[in-house]
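Visitor: Sharing a structure, written as structure tokens. Questions coming.
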Amino acid sequence: MSRLRHIPKNPAAALLLAGCLLAPTLVHASPQHTTALQPDATPPHRTRLILKDGSYQIIMSYKIVGNVVHYISAERGGAEEEIPLSLVDLDATKRWEKQHTQSTADPNNPPPPTIDPELLKEEADRAALTPEVAKDLRLPEEDSTLALDTYRGTPELVPLAQTDSDLNRNTAHNLLKAAINPLSAAHAVITLKGEASPVQLHVKDPVLYLRIGDESVGSTAGTPLTVDTHGATSHMPDDSDGGSPNSRYVVVRADVRTGARVISSFRIPLLGSGQHQADVVETTNELLPGGHWLKITPREPLDFGEFALMEVISDKAINLGVWDFGVHPVAPENRDIVKPAPRRGTGLERHGPSEN
């Protein structure tokens with residue numbers, strides 16, 4: 001025989017009891033509830049959200065809402081992002097979190113959260129590949145040479161192609177060396193096609209960025225070139241590579257002629273001596289943290305005209321592959337530029353497979 005529950009005569013007590021009896025039914029009827037994967041008492045800290053394909057995202061916190069995982073990205077300035085729950089490996093995520101989080105005996109007074117040194121190194125290495133050169137403007141990861149320009153008040157990164165009649169046009173480093181006789185008179189060493197470069201900058205003080213020191217990029221040294229300039233320029237033995245932080249870089253003004261731009265030689269030993277050379281602008285070079293990028297800053301403003309960035313390999317050798325550009329304030333906007341982008345990701349950035 002079933003027993004009837006006692007119903008209090010007090011209306012308020014009866015209402016409270018009815019709520020308690022109905023509560024399990026109400027919770028069960030709502031599958032789209034929010035479940036925090038981290039306890040609410042746990043302060044935000046860097047951890048990994050591991051996906052089923054083995055990749056992961058570095059995050060500060062995360063939670064499940066229905067069939068979607070919402071997380072705070074540690075890589076994109078605290079941006080709130082989401083990913084389908086079906087792509088997340090929750091077991092691997094919890095396992096990695098447990099292995100890299102120190103337990104505390106007092107849950108009411110936890111110690112300050114520690115940052116895993118492995119994560120710190122990964123983030124520093126990733127940031128060094130794409131350093132920020134202006135607000136929300138970062139250098140790309142791929143091997144390239146770029147100029148920091150300003151067009152209508154907006155900073156932009158403009159790719160510069162390495163140009164020579166004997167080199168393929170690209171943004172990597174090719175090396176064709178030539179030895180310059182320091183006692184010879186100035187003479188033409190490079191002739192570029194066209195009276196104007198395809199790249200026209202809009203400011204007199206551009207900053208140039210050269211990608212170097214990337215082990216993933218193979219050797220870019222080409223076959224040394226013999227240039228016949230009546231003994232002034234000769235074959236140079238292949239004893240050093242181009243695109244090196246040990247090289248010196250100068251900006252040389254081009255002599256514009258009919259259908260061509262001519263780059264002339266100059267006296268390398270005078271570089272750094274304080275003696276001015278016509279049509280040669282010396283630069284200040286700074287190797288950015290991580291050793292991936294060289295920042296090249298002209299020491300004086302560039303007047304309007306056509307120029308080329310040239311690598312000086314040694315006291316007698318130059319790289320015949322140059323990066324040409326012009327300076328013209330009313331030129332149209334360049335193509336293939338990199339514009340500022342706020343650090344708020346809209347998609348999931350993939351990493352390599354996780355070891356865990």
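Chain identifiers are assigned as A, B, and so on, following the order in which chains appear in the structure tokens; residues are numbered from 1 within each chain, and ligands are numbered from 1 in order of appearance.
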If you count only C-alpha atoms, which residues fall within 10 Å of A:Thr283, apart from same-chain ones fewer than 3 positions away, as a list in words?

Guide: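 Counting only C-alpha atoms, the residues come to Val207, Leu208, Arg248, Tyr249, Val250, Val251, Leu271, Gly272, Val280, Glu286, Lys295, Ile296, Thr297, Pro298, Arg299, Glu300 and Leu309 of chain A.
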
Visitor: Just to be explicit: take each residue in the selection above, keep N, CA, C and O atoms, and write the result as an mmCIF file, in the first residue's frame.

Guide:
data_model
loop_
_atom_site.group_PDB
_atom_site.id
_atom_site.type_symbol
_atom_site.label_atom_id
_atom_site.label_comp_id
_atom_site.auth_asym_id
_atom_site.auth_seq_id
_atom_site.Cartn_x
_atom_site.Cartn_y
_atom_site.Cartn_z
ATOM 1 N N VAL A 207 59.989 52.289 -43.029
ATOM 2 C CA VAL A 207 60.804 51.313 -42.307
ATOM 3 C C VAL A 207 60.674 49.986 -43.050
ATOM 4 O O VAL A 207 59.568 49.581 -43.424
ATOM 5 N N LEU A 208 61.794 49.328 -43.272
ATOM 6 C CA LEU A 208 61.812 48.095 -44.050
ATOM 7 C C LEU A 208 62.044 46.908 -43.129
ATOM 8 O O LEU A 208 62.815 46.998 -42.154
ATOM 9 N N ARG A 248 75.345 44.559 -44.171
ATOM 10 C CA ARG A 248 74.907 45.943 -44.071
ATOM 11 C C ARG A 248 73.929 46.215 -45.210
ATOM 12 O O ARG A 248 74.001 45.579 -46.255
ATOM 13 N N TYR A 249 73.032 47.152 -44.992
ATOM 14 C CA TYR A 249 72.029 47.471 -46.001
ATOM 15 C C TYR A 249 72.023 48.983 -46.230
ATOM 16 O O TYR A 249 72.108 49.778 -45.285
ATOM 17 N N VAL A 250 71.920 49.357 -47.488
ATOM 18 C CA VAL A 250 71.843 50.761 -47.857
ATOM 19 C C VAL A 250 70.688 50.952 -48.825
ATOM 20 O O VAL A 250 70.277 50.015 -49.522
ATOM 21 N N VAL A 251 70.167 52.164 -48.849
ATOM 22 C CA VAL A 251 69.139 52.536 -49.824
ATOM 23 C C VAL A 251 69.825 53.406 -50.870
ATOM 24 O O VAL A 251 70.398 54.456 -50.539
ATOM 25 N N LEU A 271 81.217 53.557 -45.908
ATOM 26 C CA LEU A 271 80.007 53.367 -45.116
ATOM 27 C C LEU A 271 80.359 53.373 -43.639
ATOM 28 O O LEU A 271 81.284 52.702 -43.195
ATOM 29 N N GLY A 272 79.602 54.122 -42.866
ATOM 30 C CA GLY A 272 79.849 54.208 -41.429
ATOM 31 C C GLY A 272 80.938 55.180 -41.036
ATOM 32 O O GLY A 272 81.201 55.365 -39.843
ATOM 33 N N VAL A 280 73.312 57.667 -51.881
ATOM 34 C CA VAL A 280 73.405 56.530 -50.968
ATOM 35 C C VAL A 280 72.912 56.968 -49.587
ATOM 36 O O VAL A 280 73.413 57.938 -49.030
ATOM 37 N N GLU A 286 68.230 46.646 -36.888
ATOM 38 C CA GLU A 286 67.896 46.099 -35.571
ATOM 39 C C GLU A 286 67.305 44.710 -35.751
ATOM 40 O O GLU A 286 66.293 44.540 -36.443
ATOM 41 N N LYS A 295 64.902 44.751 -38.804
ATOM 42 C CA LYS A 295 64.288 46.062 -39.018
ATOM 43 C C LYS A 295 65.347 46.996 -39.581
ATOM 44 O O LYS A 295 66.398 47.200 -38.974
ATOM 45 N N ILE A 296 65.064 47.585 -40.744
ATOM 46 C CA ILE A 296 66.016 48.446 -41.449
ATOM 47 C C ILE A 296 65.402 49.843 -41.557
ATOM 48 O O ILE A 296 64.360 50.018 -42.194
ATOM 49 N N THR A 297 66.064 50.819 -40.948
ATOM 50 C CA THR A 297 65.540 52.182 -40.910
ATOM 51 C C THR A 297 66.517 53.132 -41.590
ATOM 52 O O THR A 297 67.671 53.253 -41.149
ATOM 53 N N PRO A 298 66.129 53.807 -42.672
ATOM 54 C CA PRO A 298 67.020 54.805 -43.291
ATOM 55 C C PRO A 298 67.370 55.905 -42.297
ATOM 56 O O PRO A 298 66.526 56.339 -41.514
ATOM 57 N N ARG A 299 68.628 56.340 -42.332
ATOM 58 C CA ARG A 299 69.082 57.349 -41.376
ATOM 59 C C ARG A 299 68.684 58.760 -41.751
ATOM 60 O O ARG A 299 68.885 59.693 -40.959
ATOM 61 N N GLU A 300 68.144 58.948 -42.931
ATOM 62 C CA GLU A 300 67.672 60.267 -43.338
ATOM 63 C C GLU A 300 66.459 60.090 -44.245
ATOM 64 O O GLU A 300 66.270 59.026 -44.846
ATOM 65 N N LEU A 309 66.723 48.943 -52.149
ATOM 66 C CA LEU A 309 67.404 48.471 -50.947
ATOM 67 C C LEU A 309 68.445 47.456 -51.387
ATOM 68 O O LEU A 309 68.134 46.477 -52.061
#

Visitor: Restricting the calculation to only C-alpha atoms: of A:Ala254, A:Leu210, A:Ala92, A:Ala196, which residue gets closest to A:Ser55?

Guide: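 Among A:Ala254, A:Leu210, A:Ala92, A:Ala196, it is A:Ala92 that comes nearest to A:Ser55.
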
Visitor: DSSP on the backbone: what in stretch 281-339 of chain A comes out strand (DSSP E or B), as a PDB file with N, CA, C and O atoms, in the first residue's frame?

Guide:
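Writing done, so here's result09.pdb:
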ATOM      1  N   VAL A 281      71.913  56.258 -49.054  1.00  0.00           N
ATOM      2  CA  VAL A 281      71.386  56.527 -47.720  1.00  0.00           C
ATOM      3  C   VAL A 281      71.706  55.324 -46.838  1.00  0.00           C
ATOM      4  O   VAL A 281      71.249  54.203 -47.119  1.00  0.00           O
ATOM      5  N   GLU A 282      72.509  55.549 -45.812  1.00  0.00           N
ATOM      6  CA  GLU A 282      72.824  54.457 -44.897  1.00  0.00           C
ATOM      7  C   GLU A 282      71.640  54.178 -43.975  1.00  0.00           C
ATOM      8  O   GLU A 282      70.716  55.004 -43.838  1.00  0.00           O
ATOM      9  N   THR A 283      71.667  53.022 -43.334  1.00  0.00           N
ATOM     10  CA  THR A 283      70.533  52.585 -42.518  1.00  0.00           C
ATOM     11  C   THR A 283      70.999  52.151 -41.137  1.00  0.00           C
ATOM     12  O   THR A 283      72.172  51.868 -40.904  1.00  0.00           O
ATOM     13  N   THR A 284      70.048  52.092 -40.235  1.00  0.00           N
ATOM     14  CA  THR A 284      70.247  51.499 -38.917  1.00  0.00           C
ATOM     15  C   THR A 284      69.510  50.167 -38.889  1.00  0.00           C
ATOM     16  O   THR A 284      68.319  50.112 -39.216  1.00  0.00           O
ATOM     17  N   ASN A 285      70.199  49.096 -38.511  1.00  0.00           N
ATOM     18  CA  ASN A 285      69.611  47.756 -38.532  1.00  0.00           C
ATOM     19  C   ASN A 285      69.402  47.257 -37.108  1.00  0.00           C
ATOM     20  O   ASN A 285      70.266  47.396 -36.248  1.00  0.00           O
ATOM     21  N   GLU A 286      68.230  46.646 -36.888  1.00  0.00           N
ATOM     22  CA  GLU A 286      67.896  46.099 -35.571  1.00  0.00           C
ATOM     23  C   GLU A 286      67.305  44.710 -35.751  1.00  0.00           C
ATOM     24  O   GLU A 286      66.293  44.540 -36.443  1.00  0.00           O
ATOM     25  N   LEU A 287      67.924  43.708 -35.140  1.00  0.00           N
ATOM     26  CA  LEU A 287      67.400  42.346 -35.186  1.00  0.00           C
ATOM     27  C   LEU A 287      66.309  42.222 -34.135  1.00  0.00           C
ATOM     28  O   LEU A 287      66.556  42.380 -32.932  1.00  0.00           O
ATOM     29  N   TRP A 293      63.268  38.546 -37.905  1.00  0.00           N
ATOM     30  CA  TRP A 293      63.075  39.747 -38.709  1.00  0.00           C
ATOM     31  C   TRP A 293      64.174  40.756 -38.420  1.00  0.00           C
ATOM     32  O   TRP A 293      64.576  40.952 -37.272  1.00  0.00           O
ATOM     33  N   LEU A 294      64.630  41.403 -39.485  1.00  0.00           N
ATOM     34  CA  LEU A 294      65.591  42.502 -39.379  1.00  0.00           C
ATOM     35  C   LEU A 294      64.870  43.798 -39.727  1.00  0.00           C
ATOM     36  O   LEU A 294      64.285  43.929 -40.808  1.00  0.00           O
ATOM     37  N   LYS A 295      64.902  44.751 -38.804  1.00  0.00           N
ATOM     38  CA  LYS A 295      64.288  46.062 -39.018  1.00  0.00           C
ATOM     39  C   LYS A 295      65.347  46.996 -39.581  1.00  0.00           C
ATOM     40  O   LYS A 295      66.398  47.200 -38.974  1.00  0.00           O
ATOM     41  N   ILE A 296      65.064  47.585 -40.744  1.00  0.00           N
ATOM     42  CA  ILE A 296      66.016  48.446 -41.449  1.00  0.00           C
ATOM     43  C   ILE A 296      65.402  49.843 -41.557  1.00  0.00           C
ATOM     44  O   ILE A 296      64.360  50.018 -42.194  1.00  0.00           O
ATOM     45  N   THR A 297      66.064  50.819 -40.948  1.00  0.00           N
ATOM     46  CA  THR A 297      65.540  52.182 -40.910  1.00  0.00           C
ATOM     47  C   THR A 297      66.517  53.132 -41.590  1.00  0.00           C
ATOM     48  O   THR A 297      67.671  53.253 -41.149  1.00  0.00           O
ATOM     49  N   PRO A 298      66.129  53.807 -42.672  1.00  0.00           N
ATOM     50  CA  PRO A 298      67.020  54.805 -43.291  1.00  0.00           C
ATOM     51  C   PRO A 298      67.370  55.905 -42.297  1.00  0.00           C
ATOM     52  O   PRO A 298      66.526  56.339 -41.514  1.00  0.00           O
ATOM     53  N   GLY A 305      61.334  59.940 -55.564  1.00  0.00           N
ATOM     54  CA  GLY A 305      62.115  59.341 -56.638  1.00  0.00           C
ATOM     55  C   GLY A 305      62.086  57.837 -56.575  1.00  0.00           C
ATOM     56  O   GLY A 305      61.235  57.243 -55.903  1.00  0.00           O
ATOM     57  N   GLU A 306      63.031  57.200 -57.280  1.00  0.00           N
ATOM     58  CA  GLU A 306      63.124  55.743 -57.351  1.00  0.00           C
ATOM     59  C   GLU A 306      64.351  55.269 -56.565  1.00  0.00           C
ATOM     60  O   GLU A 306      65.427  55.870 -56.671  1.00  0.00           O
ATOM     61  N   PHE A 307      64.162  54.179 -55.812  1.00  0.00           N
ATOM     62  CA  PHE A 307      65.218  53.697 -54.920  1.00  0.00           C
ATOM     63  C   PHE A 307      65.312  52.173 -54.989  1.00  0.00           C
ATOM     64  O   PHE A 307      64.460  51.501 -55.578  1.00  0.00           O
ATOM     65  N   ALA A 308      66.351  51.645 -54.337  1.00  0.00           N
ATOM     66  CA  ALA A 308      66.514  50.203 -54.189  1.00  0.00           C
ATOM     67  C   ALA A 308      67.217  49.934 -52.879  1.00  0.00           C
ATOM     68  O   ALA A 308      68.186  50.630 -52.523  1.00  0.00           O
ATOM     69  N   LEU A 309      66.723  48.943 -52.149  1.00  0.00           N
ATOM     70  CA  LEU A 309      67.404  48.471 -50.947  1.00  0.00           C
ATOM     71  C   LEU A 309      68.445  47.456 -51.387  1.00  0.00           C
ATOM     72  O   LEU A 309      68.134  46.477 -52.061  1.00  0.00           O
ATOM     73  N   MET A 310      69.718  47.683 -50.999  1.00  0.00           N
ATOM     74  CA  MET A 310      70.820  46.833 -51.447  1.00  0.00           C
ATOM     75  C   MET A 310      71.538  46.251 -50.242  1.00  0.00           C
ATOM     76  O   MET A 310      71.775  46.938 -49.247  1.00  0.00           O
ATOM     77  N   GLU A 311      71.908  44.989 -50.356  1.00  0.00           N
ATOM     78  CA  GLU A 311      72.641  44.292 -49.302  1.00  0.00           C
ATOM     79  C   GLU A 311      74.144  44.363 -49.583  1.00  0.00           C
ATOM     80  O   GLU A 311      74.599  43.999 -50.666  1.00  0.00           O
ATOM     81  N   VAL A 312      74.895  44.830 -48.594  1.00  0.00           N
ATOM     82  CA  VAL A 312      76.354  44.864 -48.678  1.00  0.00           C
ATOM     83  C   VAL A 312      76.879  43.686 -47.869  1.00  0.00           C
ATOM     84  O   VAL A 312      76.766  43.662 -46.638  1.00  0.00           O
ATOM     85  N   ALA A 317      81.986  43.240 -51.483  1.00  0.00           N
ATOM     86  CA  ALA A 317      80.948  42.490 -52.208  1.00  0.00           C
ATOM     87  C   ALA A 317      79.564  43.033 -51.907  1.00  0.00           C
ATOM     88  O   ALA A 317      79.252  43.432 -50.780  1.00  0.00           O
ATOM     89  N   ILE A 318      78.731  43.040 -52.961  1.00  0.00           N
ATOM     90  CA  ILE A 318      77.329  43.414 -52.828  1.00  0.00           C
ATOM     91  C   ILE A 318      76.462  42.295 -53.402  1.00  0.00           C
ATOM     92  O   ILE A 318      76.936  41.455 -54.161  1.00  0.00           O
ATOM     93  N   ASN A 319      75.206  42.283 -53.015  1.00  0.00           N
ATOM     94  CA  ASN A 319      74.224  41.359 -53.575  1.00  0.00           C
ATOM     95  C   ASN A 319      73.532  42.077 -54.737  1.00  0.00           C
ATOM     96  O   ASN A 319      72.963  43.154 -54.561  1.00  0.00           O
ATOM     97  N   VAL A 322      68.269  43.207 -55.614  1.00  0.00           N
ATOM     98  CA  VAL A 322      67.863  44.355 -54.808  1.00  0.00           C
ATOM     99  C   VAL A 322      66.343  44.387 -54.707  1.00  0.00           C
ATOM    100  O   VAL A 322      65.625  43.752 -55.478  1.00  0.00           O
ATOM    101  N   TRP A 323      65.861  45.158 -53.734  1.00  0.00           N
ATOM    102  CA  TRP A 323      64.424  45.352 -53.549  1.00  0.00           C
ATOM    103  C   TRP A 323      64.111  46.793 -53.956  1.00  0.00           C
ATOM    104  O   TRP A 323      64.492  47.741 -53.261  1.00  0.00           O
ATOM    105  N   ASP A 324      63.444  46.962 -55.069  1.00  0.00           N
ATOM    106  CA  ASP A 324      63.234  48.306 -55.609  1.00  0.00           C
ATOM    107  C   ASP A 324      61.879  48.854 -55.187  1.00  0.00           C
ATOM    108  O   ASP A 324      60.905  48.118 -54.991  1.00  0.00           O
ATOM    109  N   PHE A 325      61.806  50.173 -55.075  1.00  0.00           N
ATOM    110  CA  PHE A 325      60.571  50.869 -54.734  1.00  0.00           C
ATOM    111  C   PHE A 325      60.734  52.335 -55.076  1.00  0.00           C
ATOM    112  O   PHE A 325      61.839  52.830 -55.277  1.00  0.00           O
ATOM    113  N   GLY A 326      59.623  53.027 -55.147  1.00  0.00           N
ATOM    114  CA  GLY A 326      59.639  54.464 -55.349  1.00  0.00           C
ATOM    115  C   GLY A 326      58.990  55.166 -54.173  1.00  0.00           C
ATOM    116  O   GLY A 326      58.322  54.539 -53.338  1.00  0.00           O
ATOM    117  N   VAL A 327      59.180  56.476 -54.075  1.00  0.00           N
ATOM    118  CA  VAL A 327      58.527  57.298 -53.054  1.00  0.00           C
ATOM    119  C   VAL A 327      57.754  58.389 -53.776  1.00  0.00           C
ATOM    120  O   VAL A 327      58.349  59.246 -54.441  1.00  0.00           O
ATOM    121  N   VAL A 338      49.252  44.460 -46.520  1.00  0.00           N
ATOM    122  CA  VAL A 338      48.761  43.937 -45.250  1.00  0.00           C
ATOM    123  C   VAL A 338      48.245  45.119 -44.440  1.00  0.00           C
ATOM    124  O   VAL A 338      48.993  46.054 -44.153  1.00  0.00           O
TER     125      VAL A 338
END

Visitor: Would you kindly return, as a PyMOL selection string, each protein, DNA or RNA residue with an atom no farther than 7 Å from any atom of stretch 255-264 of chain A, considering only C-alpha atoms and excluding same-chain residues fewer than 2 positions away?

Guide: chain A and resi 186-195+253+266
